[in-house]
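J.: Next comes the structure file input-v2.pdb, holding PDB, C-alpha atoms and all ligand atoms.
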MODEL        1
ATOM      1  CA  MET E 116       0.000   0.000   0.000
ATOM      2  CA  GLY E 117       1.322   3.361  -0.955
ATOM      3  CA  THR E 118       0.976   6.787   0.514
ATOM      4  CA  ILE E 119      -1.703   8.891  -1.168
ATOM      5  CA  VAL E 120      -1.075  12.132   0.681
ATOM      6  CA  ARG E 121       2.056  13.336   2.357
ATOM      7  CA  THR E 122       2.446  16.859   3.692
ATOM      8  CA  ARG E 123       5.733  18.188   4.951
ATOM      9  CA  ASN E 124       5.910  21.130   7.342
ATOM     10  CA  LEU E 125       2.713  22.525   5.948
ATOM     11  CA  VAL E 126       2.041  26.061   7.163
ATOM     12  CA  LYS E 127      -0.745  28.553   6.516
ATOM     13  CA  ASN E 128      -0.783  32.102   7.783
ATOM     14  CA  PHE E 129      -3.825  34.307   7.658
ATOM     15  CA  LYS E 130      -2.912  37.923   8.380
ATOM     16  CA  GLY E 131       0.147  36.905  10.341
ATOM     17  CA  VAL E 132      -1.627  34.211  12.357
ATOM     18  CA  GLU E 133      -0.380  30.673  11.814
ATOM     19  CA  VAL E 134      -3.626  28.700  11.593
ATOM     20  CA  VAL E 135      -1.812  25.600  10.300
ATOM     21  CA  GLN E 136       1.579  24.903  11.818
ATOM     22  CA  ASN E 137       4.113  22.423  10.466
ATOM     23  CA  VAL E 138       1.625  19.717   9.678
ATOM     24  CA  ASN E 139       3.130  16.389   8.599
ATOM     25  CA  MET E 140       0.269  14.211   7.522
ATOM     26  CA  ASN E 141       0.394  10.771   5.894
ATOM     27  CA  ILE E 142      -2.655   9.175   4.345
ATOM     28  CA  GLN E 143      -2.286   5.611   3.109
ATOM     29  CA  GLN E 144      -3.969   4.153   0.084
ATOM     30  CA  GLY E 145      -7.353   2.573   0.787
ATOM     31  CA  GLU E 146      -7.764   3.829   4.302
ATOM     32  CA  ILE E 147     -10.324   6.051   5.957
ATOM     33  CA  TYR E 148      -8.365   8.796   7.665
ATOM     34  CA  GLY E 149     -10.324  10.552  10.403
ATOM     35  CA  PHE E 150      -9.252  14.140  10.854
ATOM     36  CA  LEU E 151     -10.308  15.033  14.369
ATOM     37  CA  GLY E 152     -10.189  18.427  16.032
ATOM     38  CA  PRO E 153     -12.306  21.136  17.628
ATOM     39  CA  ASN E 154     -13.870  23.941  15.622
ATOM     40  CA  GLY E 155     -11.260  26.320  14.353
ATOM     41  CA  ALA E 156      -8.424  23.796  14.699
ATOM     42  CA  GLY E 157      -7.456  24.142  11.057
ATOM     43  CA  LYS E 158      -9.083  21.089   9.450
ATOM     44  CA  THR E 159     -10.867  22.979   6.694
ATOM     45  CA  THR E 160      -7.775  25.009   5.921
ATOM     46  CA  VAL E 161      -5.677  21.848   5.514
ATOM     47  CA  MET E 162      -8.359  20.329   3.303
ATOM     48  CA  LYS E 163      -8.510  23.481   1.203
ATOM     49  CA  MET E 164      -4.758  23.321   0.724
ATOM     50  CA  LEU E 165      -5.018  19.675  -0.370
ATOM     51  CA  THR E 166      -7.549  20.659  -3.013
ATOM     52  CA  ASN E 167      -5.698  23.770  -4.190
ATOM     53  CA  LEU E 168      -8.412  26.115  -2.942
ATOM     54  CA  VAL E 169      -5.910  27.772  -0.617
ATOM     55  CA  ARG E 170      -2.187  28.145  -1.202
ATOM     56  CA  PRO E 171       0.135  27.063   1.588
ATOM     57  CA  THR E 172       2.338  29.756   3.090
ATOM     58  CA  SER E 173       5.136  27.186   3.169
ATOM     59  CA  GLY E 174       5.721  23.461   3.186
ATOM     60  CA  GLU E 175       4.976  20.743   0.664
ATOM     61  CA  ILE E 176       2.053  18.615  -0.343
ATOM     62  CA  GLU E 177       2.454  15.405  -2.298
ATOM     63  CA  ILE E 178      -0.601  13.644  -3.658
ATOM     64  CA  PHE E 179      -0.351  10.356  -5.576
ATOM     65  CA  GLY E 180       3.392  10.747  -5.271
ATOM     66  CA  GLN E 181       3.473  14.099  -7.080
ATOM     67  CA  PRO E 182       3.997  17.552  -5.639
ATOM     68  CA  LEU E 183       0.791  19.581  -5.666
ATOM     69  CA  GLN E 184       1.202  22.779  -7.626
ATOM     70  CA  GLY E 185      -0.985  25.458  -9.113
ATOM     71  CA  GLU E 186      -1.401  23.486 -12.327
ATOM     72  CA  SER E 187      -1.859  19.991 -10.914
ATOM     73  CA  PHE E 188      -5.052  19.391 -12.870
ATOM     74  CA  GLU E 189      -4.307  15.706 -13.424
ATOM     75  CA  VAL E 190      -3.941  15.153  -9.696
ATOM     76  CA  LEU E 191      -7.087  17.135  -8.902
ATOM     77  CA  ARG E 192      -9.064  15.162 -11.453
ATOM     78  CA  ARG E 193      -8.346  11.998  -9.477
ATOM     79  CA  MET E 194      -9.843  13.540  -6.335
ATOM     80  CA  GLY E 195     -13.371  14.380  -5.172
ATOM     81  CA  SER E 196     -14.304  16.666  -2.314
ATOM     82  CA  ILE E 197     -16.921  18.361  -0.241
ATOM     83  CA  ILE E 198     -15.381  21.281   1.565
ATOM     84  CA  GLU E 199     -17.679  23.124   3.950
ATOM     85  CA  TYR E 200     -21.296  22.730   2.760
ATOM     86  CA  PRO E 201     -22.116  21.389  -0.678
ATOM     87  CA  VAL E 202     -23.889  24.053  -2.719
ATOM     88  CA  PHE E 203     -26.448  23.194  -5.386
ATOM     89  CA  TYR E 204     -28.883  24.856  -7.701
ATOM     90  CA  GLU E 205     -31.796  24.611  -5.304
ATOM     91  CA  LYS E 206     -34.559  24.742  -7.920
ATOM     92  CA  LEU E 207     -33.110  21.849  -9.893
ATOM     93  CA  THR E 208     -33.375  18.139  -9.203
ATOM     94  CA  ALA E 209     -30.510  15.867  -8.224
ATOM     95  CA  VAL E 210     -30.031  14.582 -11.765
ATOM     96  CA  GLU E 211     -30.140  18.102 -13.220
ATOM     97  CA  ASN E 212     -27.535  19.260 -10.729
ATOM     98  CA  LEU E 213     -25.267  16.345 -11.522
ATOM     99  CA  ASP E 214     -25.803  16.866 -15.268
ATOM    100  CA  LEU E 215     -24.556  20.416 -14.914
ATOM    101  CA  HIS E 216     -21.607  19.282 -12.850
ATOM    102  CA  CYS E 217     -20.652  16.722 -15.491
ATOM    103  CA  GLU E 218     -20.799  19.361 -18.161
ATOM    104  CA  TYR E 219     -18.623  21.636 -16.082
ATOM    105  CA  MET E 220     -16.113  18.841 -15.475
ATOM    106  CA  GLY E 221     -16.121  17.816 -19.131
ATOM    107  CA  TYR E 222     -17.170  14.338 -18.088
ATOM    108  CA  TYR E 223     -20.580  13.651 -19.478
ATOM    109  CA  ASN E 224     -21.741  10.235 -18.416
ATOM    110  CA  LYS E 225     -25.398   9.387 -17.709
ATOM    111  CA  GLN E 226     -24.496   6.007 -16.288
ATOM    112  CA  ALA E 227     -22.051   7.551 -13.808
ATOM    113  CA  ILE E 228     -24.830   9.850 -12.582
ATOM    114  CA  ARG E 229     -27.141   6.891 -11.998
ATOM    115  CA  ASP E 230     -24.365   4.884 -10.352
ATOM    116  CA  SER E 231     -23.367   7.591  -7.930
ATOM    117  CA  LEU E 232     -26.966   8.365  -6.946
ATOM    118  CA  ASP E 233     -27.448   4.645  -6.374
ATOM    119  CA  MET E 234     -24.358   4.483  -4.253
ATOM    120  CA  VAL E 235     -25.661   7.120  -1.847
ATOM    121  CA  ASN E 236     -29.212   5.719  -1.864
ATOM    122  CA  LEU E 237     -30.722   8.719  -3.597
ATOM    123  CA  THR E 238     -33.177   6.989  -5.817
ATOM    124  CA  ASN E 239     -36.870   7.799  -6.221
ATOM    125  CA  VAL E 240     -36.238  11.521  -6.091
ATOM    126  CA  HIS E 241     -36.741  12.159  -9.801
ATOM    127  CA  SER E 242     -38.845  15.284  -9.721
ATOM    128  CA  LYS E 243     -37.966  16.652  -6.312
ATOM    129  CA  SER E 244     -35.959  19.849  -6.377
ATOM    130  CA  VAL E 245     -32.993  20.140  -4.049
ATOM    131  CA  LYS E 246     -34.634  22.904  -2.003
ATOM    132  CA  ASP E 247     -37.011  20.252  -0.634
ATOM    133  CA  TYR E 248     -34.189  17.939   0.452
ATOM    134  CA  SER E 249     -33.341  17.241   4.061
ATOM    135  CA  LEU E 250     -29.813  18.025   5.243
ATOM    136  CA  GLY E 251     -28.934  14.329   5.047
ATOM    137  CA  MET E 252     -30.154  14.115   1.464
ATOM    138  CA  LYS E 253     -28.124  17.175   0.520
ATOM    139  CA  GLN E 254     -25.038  15.698   2.108
ATOM    140  CA  ARG E 255     -25.597  12.470   0.205
ATOM    141  CA  LEU E 256     -26.094  14.373  -3.008
ATOM    142  CA  GLY E 257     -22.830  16.155  -2.262
ATOM    143  CA  ILE E 258     -21.121  12.803  -1.997
ATOM    144  CA  ALA E 259     -22.769  11.612  -5.211
ATOM    145  CA  ARG E 260     -21.350  14.673  -6.942
ATOM    146  CA  ALA E 261     -17.922  14.155  -5.406
ATOM    147  CA  ILE E 262     -17.743  10.548  -6.623
ATOM    148  CA  LEU E 263     -19.178  11.186 -10.097
ATOM    149  CA  THR E 264     -15.824  11.151 -11.804
ATOM    150  CA  LYS E 265     -14.800   8.000  -9.906
ATOM    151  CA  PRO E 266     -12.069   9.574  -7.807
ATOM    152  CA  GLU E 267      -9.400   7.549  -6.033
ATOM    153  CA  PHE E 268      -9.274   9.962  -3.138
ATOM    154  CA  LEU E 269     -12.207  11.660  -1.457
ATOM    155  CA  ILE E 270     -12.041  14.617   0.941
ATOM    156  CA  LEU E 271     -15.096  15.182   3.110
ATOM    157  CA  ASP E 272     -15.258  18.135   5.465
ATOM    158  CA  GLU E 273     -17.576  17.424   8.424
ATOM    159  CA  PRO E 274     -20.049  15.418   6.324
ATOM    160  CA  ILE E 275     -21.863  14.171   9.402
ATOM    161  CA  ASN E 276     -22.361  17.542  11.022
ATOM    162  CA  GLY E 277     -26.000  18.196  11.888
ATOM    163  CA  LEU E 278     -27.342  14.812  10.824
ATOM    164  CA  ASP E 279     -29.734  12.798  12.954
ATOM    165  CA  PRO E 280     -28.705   9.299  14.157
ATOM    166  CA  LEU E 281     -30.293   7.591  11.183
ATOM    167  CA  GLY E 282     -28.582   9.973   8.788
ATOM    168  CA  ILE E 283     -25.265   9.352  10.544
ATOM    169  CA  LYS E 284     -25.696   5.603  10.225
ATOM    170  CA  GLU E 285     -26.525   5.937   6.523
ATOM    171  CA  MET E 286     -23.441   8.070   5.975
ATOM    172  CA  ARG E 287     -21.216   5.610   7.800
ATOM    173  CA  ASP E 288     -22.485   2.772   5.656
ATOM    174  CA  ILE E 289     -21.803   4.817   2.525
ATOM    175  CA  PHE E 290     -18.239   5.573   3.620
ATOM    176  CA  LYS E 291     -17.606   1.908   4.311
ATOM    177  CA  ILE E 292     -18.887   0.874   0.893
ATOM    178  CA  LEU E 293     -16.855   3.551  -0.862
ATOM    179  CA  SER E 294     -13.775   2.526   1.033
ATOM    180  CA  LYS E 295     -14.002  -1.243   1.256
ATOM    181  CA  GLU E 296     -15.847  -2.073  -1.968
ATOM    182  CA  HIS E 297     -14.597   0.663  -4.250
ATOM    183  CA  GLY E 298     -11.148   1.100  -2.780
ATOM    184  CA  ILE E 299     -11.487   4.869  -2.434
ATOM    185  CA  THR E 300      -9.145   6.498   0.084
ATOM    186  CA  ILE E 301     -11.150   8.875   2.272
ATOM    187  CA  LEU E 302     -10.125  11.837   4.397
ATOM    188  CA  ILE E 303     -13.002  12.793   6.649
ATOM    189  CA  SER E 304     -13.034  15.535   9.254
ATOM    190  CA  SER E 305     -15.113  15.821  12.383
ATOM    191  CA  HIS E 306     -15.035  17.458  15.786
ATOM    192  CA  ILE E 307     -16.750  14.467  17.401
ATOM    193  CA  LEU E 308     -14.630  11.467  18.327
ATOM    194  CA  ALA E 309     -17.539   9.020  18.438
ATOM    195  CA  GLU E 310     -18.296   9.705  14.783
ATOM    196  CA  ILE E 311     -14.767   9.100  13.678
ATOM    197  CA  GLU E 312     -13.681   6.163  15.800
ATOM    198  CA  GLN E 313     -16.228   3.806  14.298
ATOM    199  CA  ILE E 314     -15.102   4.259  10.735
ATOM    200  CA  ALA E 315     -11.517   5.459  10.694
ATOM    201  CA  ASP E 316      -8.483   3.258  10.130
ATOM    202  CA  THR E 317      -6.161   6.073  11.140
ATOM    203  CA  ILE E 318      -6.868   9.176  13.187
ATOM    204  CA  GLY E 319      -5.045  12.483  12.907
ATOM    205  CA  VAL E 320      -5.711  14.842  15.796
ATOM    206  CA  ILE E 321      -5.345  18.552  15.162
ATOM    207  CA  ARG E 322      -5.625  21.395  17.607
ATOM    208  CA  GLY E 323      -4.542  24.994  17.287
ATOM    209  CA  GLY E 324      -3.178  24.255  13.822
ATOM    210  CA  ARG E 325      -0.852  21.489  15.034
ATOM    211  CA  LEU E 326      -1.183  17.834  14.216
ATOM    212  CA  LEU E 327      -0.835  16.391  17.710
ATOM    213  CA  GLU E 328      -0.961  12.752  16.770
ATOM    214  CA  GLU E 329      -1.404  10.471  13.816
ATOM    215  CA  ILE E 330      -2.145   6.963  14.930
ATOM    216  CA  SER E 331      -3.787   3.825  13.593
ATOM    217  CA  MET E 332      -6.944   2.632  15.300
ATOM    218  CA  ASP E 333      -5.420  -0.822  15.718
ATOM    219  CA  VAL E 334      -2.618   0.626  17.797
ATOM    220  CA  ILE E 335      -5.038   2.698  19.845
ATOM    221  CA  ARG E 336      -7.229  -0.315  20.525
ATOM    222  CA  LYS E 337      -4.241  -2.279  21.709
ATOM    223  CA  GLN E 338      -3.166   0.591  23.926
ATOM    224  CA  SER E 339      -6.497   1.002  25.617
ATOM    225  CA  THR E 340      -6.141  -1.141  28.667
ATOM    226  CA  SER E 341      -8.281  -2.148  31.548
ATOM    227  CA  TYR E 342      -6.954  -2.614  35.042
ATOM    228  CA  MET E 343      -7.995  -3.141  38.609
ATOM    229  CA  GLU E 344      -6.807  -0.718  41.243
ATOM    230  CA  LEU E 345      -6.357  -1.830  44.807
ATOM    231  CA  THR E 346      -6.204   0.583  47.703
ATOM    232  CA  ILE E 347      -4.464  -1.223  50.559
ATOM    233  CA  SER E 348      -2.777  -0.583  53.867
ATOM    234  CA  ASP E 349       0.681  -1.507  52.626
ATOM    235  CA  SER E 350       1.448  -1.859  48.935
ATOM    236  CA  ARG E 351       4.868  -3.483  49.511
ATOM    237  CA  GLN E 352       3.360  -6.249  51.563
ATOM    238  CA  ALA E 353       0.491  -6.580  49.053
ATOM    239  CA  ALA E 354       2.954  -6.857  46.160
ATOM    240  CA  ARG E 355       4.644  -9.754  47.928
ATOM    241  CA  VAL E 356       1.319 -11.522  48.252
ATOM    242  CA  LEU E 357       0.522 -10.918  44.581
ATOM    243  CA  GLU E 358       3.866 -12.306  43.430
ATOM    244  CA  HIS E 359       4.335 -15.232  45.743
ATOM    245  CA  SER E 360       0.896 -16.402  46.742
ATOM    246  CA  LEU E 361      -1.118 -15.493  43.711
ATOM    247  CA  ARG E 362       1.526 -15.636  40.981
ATOM    248  CA  ILE E 363       0.430 -12.289  39.528
ATOM    249  CA  SER E 364       3.255 -10.561  37.736
ATOM    250  CA  ASN E 365       1.564  -7.932  35.596
ATOM    251  CA  TYR E 366       1.016  -5.229  38.206
ATOM    252  CA  LYS E 367       2.395  -1.866  39.122
ATOM    253  CA  VAL E 368       2.916  -0.305  42.535
ATOM    254  CA  MET E 369       1.660   3.258  42.199
ATOM    255  CA  ASP E 370       2.469   4.491  45.715
ATOM    256  CA  GLU E 371       2.361   3.243  49.317
ATOM    257  CA  LYS E 372      -1.337   2.506  49.166
ATOM    258  CA  HIS E 373      -2.151   1.779  45.535
ATOM    259  CA  ILE E 374      -1.440  -1.073  43.163
ATOM    260  CA  ARG E 375      -2.746  -1.555  39.646
ATOM    261  CA  ILE E 376      -3.201  -5.051  38.275
ATOM    262  CA  TYR E 377      -3.319  -5.409  34.515
ATOM    263  CA  GLU E 378      -4.213  -9.063  34.222
ATOM    264  CA  ILE E 379      -7.496 -10.792  34.790
ATOM    265  CA  VAL E 380      -7.770 -12.049  38.330
ATOM    266  CA  ASP E 381     -10.563 -13.344  40.476
ATOM    267  CA  ALA E 382     -11.329 -10.431  42.795
ATOM    268  CA  LYS E 383     -12.721 -12.728  45.505
ATOM    269  CA  ASP E 384      -9.596 -14.866  45.578
ATOM    270  CA  LEU E 385      -7.458 -11.798  45.600
ATOM    271  CA  THR E 386      -9.164 -10.104  48.532
ATOM    272  CA  LYS E 387      -9.361 -13.323  50.512
ATOM    273  CA  ARG E 388      -5.647 -13.968  50.165
ATOM    274  CA  LEU E 389      -4.659 -10.396  50.974
ATOM    275  CA  VAL E 390      -6.755 -10.409  54.139
ATOM    276  CA  GLN E 391      -5.313 -13.782  55.142
ATOM    277  CA  GLU E 392      -1.863 -12.274  54.848
ATOM    278  CA  ASP E 393      -2.740  -9.243  56.960
ATOM    279  CA  VAL E 394      -3.110  -6.675  54.202
ATOM    280  CA  SER E 395      -6.229  -4.632  54.797
ATOM    281  CA  ILE E 396      -8.121  -3.535  51.742
ATOM    282  CA  GLU E 397      -9.643  -0.105  51.573
ATOM    283  CA  GLY E 398     -10.893  -0.257  48.027
ATOM    284  CA  LEU E 399     -10.965  -2.134  44.762
ATOM    285  CA  SER E 400     -12.063  -0.580  41.459
ATOM    286  CA  HIS E 401     -12.036  -1.527  37.808
ATOM    287  CA  TYR E 402     -10.920   1.001  35.211
ATOM    288  CA  GLN E 403     -11.024   1.090  31.479
ATOM    289  CA  ASN E 404      -8.624   3.392  29.695
ATOM    290  CA  SER E 405     -10.919   4.320  26.856
ATOM    291  CA  LEU E 406     -10.260   5.827  23.509
ATOM    292  CA  GLU E 407     -12.002   8.906  24.711
ATOM    293  CA  ASP E 408      -9.568   9.251  27.614
ATOM    294  CA  HIS E 409      -6.724   8.892  25.177
ATOM    295  CA  PHE E 410      -7.918  11.780  23.030
ATOM    296  CA  LEU E 411      -9.073  13.938  25.874
ATOM    297  CA  GLN E 412      -5.665  13.631  27.489
ATOM    298  CA  LEU E 413      -4.155  14.588  24.175
ATOM    299  CA  ILE E 414      -6.391  17.527  23.586
ATOM    300  CA  GLN E 415      -6.870  18.404  27.261
ATOM    301  CA  GLY E 416     -10.162  20.012  26.556
ATOM    302  CA  GLY E 417     -12.023  18.079  29.200
ATOM    303  CA  GLU E 418     -15.233  17.777  27.177
ATOM    304  CA  SER E 419     -16.351  14.820  25.136
ATOM    305  CA  HIS E 420     -16.727  16.980  22.047
ATOM    306  CA  VAL E 421     -13.061  17.497  21.437
TER     307      VAL E 421
HETATM  308  N1  LIG E 501      -9.778  33.135   4.917
HETATM  309  C1  LIG E 501      -9.450  33.256   6.196
HETATM  310  N2  LIG E 501      -8.974  34.413   6.695
HETATM  311  C2  LIG E 501      -8.632  34.551   7.973
HETATM  312  N3  LIG E 501      -8.703  33.554   8.886
HETATM  313  C3  LIG E 501      -9.160  32.361   8.468
HETATM  314  C4  LIG E 501      -9.567  32.144   7.106
HETATM  315  N4  LIG E 501      -9.961  30.848   6.999
HETATM  316  C5  LIG E 501      -9.833  30.296   8.225
HETATM  317  N5  LIG E 501      -9.353  31.189   9.101
HETATM  318  C6  LIG E 501      -9.061  30.939  10.530
HETATM  319  O1  LIG E 501      -8.228  29.815  10.613
HETATM  320  C7  LIG E 501      -8.527  29.018  11.754
HETATM  321  C8  LIG E 501      -8.780  27.588  11.311
HETATM  322  O2  LIG E 501      -9.994  27.522  10.606
HETATM  323  P1  LIG E 501     -10.534  26.221   9.907
HETATM  324  O3  LIG E 501     -11.830  26.561   9.242
HETATM  325  O4  LIG E 501      -9.485  25.612   9.096
HETATM  326  O5  LIG E 501     -10.814  25.282  11.161
HETATM  327  P2  LIG E 501     -11.640  23.951  11.255
HETATM  328  O6  LIG E 501     -10.851  23.037  12.104
HETATM  329  O7  LIG E 501     -12.048  23.488   9.932
HETATM  330  O8  LIG E 501     -12.897  24.394  12.061
HETATM  331  P3  LIG E 501     -14.413  24.395  11.614
HETATM  332  O9  LIG E 501     -14.859  23.004  11.810
HETATM  333  O10 LIG E 501     -15.016  25.369  12.590
HETATM  334  O11 LIG E 501     -14.451  24.876  10.196
HETATM  335  C9  LIG E 501      -9.715  29.654  12.417
HETATM  336  O12 LIG E 501      -9.237  30.440  13.482
HETATM  337  C10 LIG E 501     -10.292  30.542  11.330
HETATM  338  O13 LIG E 501     -10.929  31.652  11.899
ENDMDL
END
Reformat the file's structure so that it appears as structure tokens.
Ligand SMILES: Nc1ncnc2c1ncn2[C@@H]1O[C@H](COP(=O)(O)OP(=O)(O)OP(=O)(O)O)[C@@H](O)[C@H]1O

T.:
Amino acid sequence: MGTIVRTRNLVKNFKGVEVVQNVNMNIQQGEIYGFLGPNGAGKTTVMKMLTNLVRPTSGEIEIFGQPLQGESFEVLRRMGSIIEYPVFYEKLTAVENLDLHCEYMGYYNKQAIRDSLDMVNLTNVHSKSVKDYSLGMKQRLGIARAILTKPEFLILDEPINGLDPLGIKEMRDIFKILSKEHGITILISSHILAEIEQIADTIGVIRGGRLLEEISMDVIRKQSTSYMELTISDSRQAARVLEHSLRISNYKVMDEKHIRIYEIVDAKDLTKRLVQEDVSIEGLSHYQNSLEDHFLQLIQGGESHV
């Protein structure tokens, strides 16, 4: 698998303010890359730079192994995008809108229009004009338009924003089909972790214009650990009991009164043995280091909407 997008020290200044700072981003072929960050973090600006809508102040962008320049029309033709909200001719129908888009792109193909509407489940809307569409339908039409020319790489800026749970589910299913069945690499931004974690293969976290982390979901899942924390009278004595009587080796003494155990143990057995060996137990709790904790620690916002 190759790298589809690579940015090196990407910077964007607006009126002297660095809204994107030294971003080094790597998107691999075939993956769904979740671009996670609070409002104003710089996601849209990065996406605009990737699509040549905004020029970087400095740094490099490589897409499909080629540097992105002002005249990279070939590269741009292989990409589809929805940046900010998709805009349509409201009085026209879906097919009429896509017809016009095809004409504009110099890619007239009736079958492609039908295929892409099918792919986003926008059928049976023949005579309806776009002004009567729900937000979810508009978003899906935006995706249909973005995939009309059968791009290899799709950029979607907050496509789930404002959708109801059913709309979100529909969108997720569409992303999965585009990715897994059609092999399209997808960059998708959101400010809500829960939306991203279910679909992304890799997550890039951005805040204040800096890419704080780029990590695969597999690695994150492996890192998220559960443990049991014991509060005891004497952690040294307790550690001896764990090692010698219970044969537990995967634990950590936190301080004089706390021990964390990272392996599965029978809590009843454990407490019984500790009491037998004169260690008094003041507390025992189970913890799960969740994905959310991981990102909240990273972003240090303290809210679940990072
Ligand atoms: N054309 C512009 N001129 C001046 N400042 C801008 C411009 N475009 C974006 N910014 C600023 O750059 C910062 C990053 O904005 P950007 O839209 O990229 O963030 P974002 O992560 O996409 O957030 P959102 O989800 O709210 O769009 C913000 O502080 C924004 O006000």

J.: If you apply the PyMOL selection byres (((chain E and resi 174) around 10) and not hetatm) to this file, what residues do you get, as a VMD selection string?

T.: chain E and resid 122 to 127 136 to 139 171 to 173 175 to 176

J.: Those residues with C-alpha atoms, as a PDB file, keeping the file's coordinate frame please?

T.:
ATOM      1  CA  THR E 122       2.446  16.859   3.692  1.00  0.00           C
ATOM      2  CA  ARG E 123       5.733  18.188   4.951  1.00  0.00           C
ATOM      3  CA  ASN E 124       5.910  21.130   7.342  1.00  0.00           C
ATOM      4  CA  LEU E 125       2.713  22.525   5.948  1.00  0.00           C
ATOM      5  CA  VAL E 126       2.041  26.061   7.163  1.00  0.00           C
ATOM      6  CA  LYS E 127      -0.745  28.553   6.516  1.00  0.00           C
ATOM      7  CA  GLN E 136       1.579  24.903  11.818  1.00  0.00           C
ATOM      8  CA  ASN E 137       4.113  22.423  10.466  1.00  0.00           C
ATOM      9  CA  VAL E 138       1.625  19.717   9.678  1.00  0.00           C
ATOM     10  CA  ASN E 139       3.130  16.389   8.599  1.00  0.00           C
ATOM     11  CA  PRO E 171       0.135  27.063   1.588  1.00  0.00           C
ATOM     12  CA  THR E 172       2.338  29.756   3.090  1.00  0.00           C
ATOM     13  CA  SER E 173       5.136  27.186   3.169  1.00  0.00           C
ATOM     14  CA  GLU E 175       4.976  20.743   0.664  1.00  0.00           C
ATOM     15  CA  ILE E 176       2.053  18.615  -0.343  1.00  0.00           C
TER      16      ILE E 176
END

J.: Atom CA of E:Asn224 to atom CA of E:Val190: how many Å, to one decimal?

T.: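 Distance between the two atoms: 20.4 Å.
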
J.: Nearest to E:Thr317: which of E:Met220, E:Ile147, E:Ile283, E:Val132 is it, counting all atoms listed in the file?

T.: E:Ile147

J.: Counting only C-alpha atoms and all ligand atoms, name the residues that have an atom within 6 Å of an atom of ligand LIG 501 (chain E); the answer should be given as a VMD selection string.

T.: chain E and resid 129 134 154 to 160

J.: Using all atoms of stretch 243-254 of chain E listed in the file and a margin of 6 Å per side, can you give the axis-aligned box centre and edge lengths in Å to one decimal, as lines of an AutoDock Vina configuration file?

T.:
center_x = -31.5
center_y = 18.5
center_z = -0.6
size_x = 24.9
size_y = 20.8
size_z = 23.6

J.: Save stretch 315-341 of chain E of the structure in the block above to a file, with C-alpha atoms included, as a tab-separated table (two decimals), in the first residue's frame.

T.:
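Result file selection_6.tsv:
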chain	number	residue	atom	x	y	z
E	315	ALA	CA	-11.52	5.46	10.69
E	316	ASP	CA	-8.48	3.26	10.13
E	317	THR	CA	-6.16	6.07	11.14
E	318	ILE	CA	-6.87	9.18	13.19
E	319	GLY	CA	-5.05	12.48	12.91
E	320	VAL	CA	-5.71	14.84	15.80
E	321	ILE	CA	-5.35	18.55	15.16
E	322	ARG	CA	-5.62	21.40	17.61
E	323	GLY	CA	-4.54	24.99	17.29
E	324	GLY	CA	-3.18	24.25	13.82
E	325	ARG	CA	-0.85	21.49	15.03
E	326	LEU	CA	-1.18	17.83	14.22
E	327	LEU	CA	-0.84	16.39	17.71
E	328	GLU	CA	-0.96	12.75	16.77
E	329	GLU	CA	-1.40	10.47	13.82
E	330	ILE	CA	-2.14	6.96	14.93
E	331	SER	CA	-3.79	3.83	13.59
E	332	MET	CA	-6.94	2.63	15.30
E	333	ASP	CA	-5.42	-0.82	15.72
E	334	VAL	CA	-2.62	0.63	17.80
E	335	ILE	CA	-5.04	2.70	19.85
E	336	ARG	CA	-7.23	-0.32	20.53
E	337	LYS	CA	-4.24	-2.28	21.71
E	338	GLN	CA	-3.17	0.59	23.93
E	339	SER	CA	-6.50	1.00	25.62
E	340	THR	CA	-6.14	-1.14	28.67
E	341	SER	CA	-8.28	-2.15	31.55
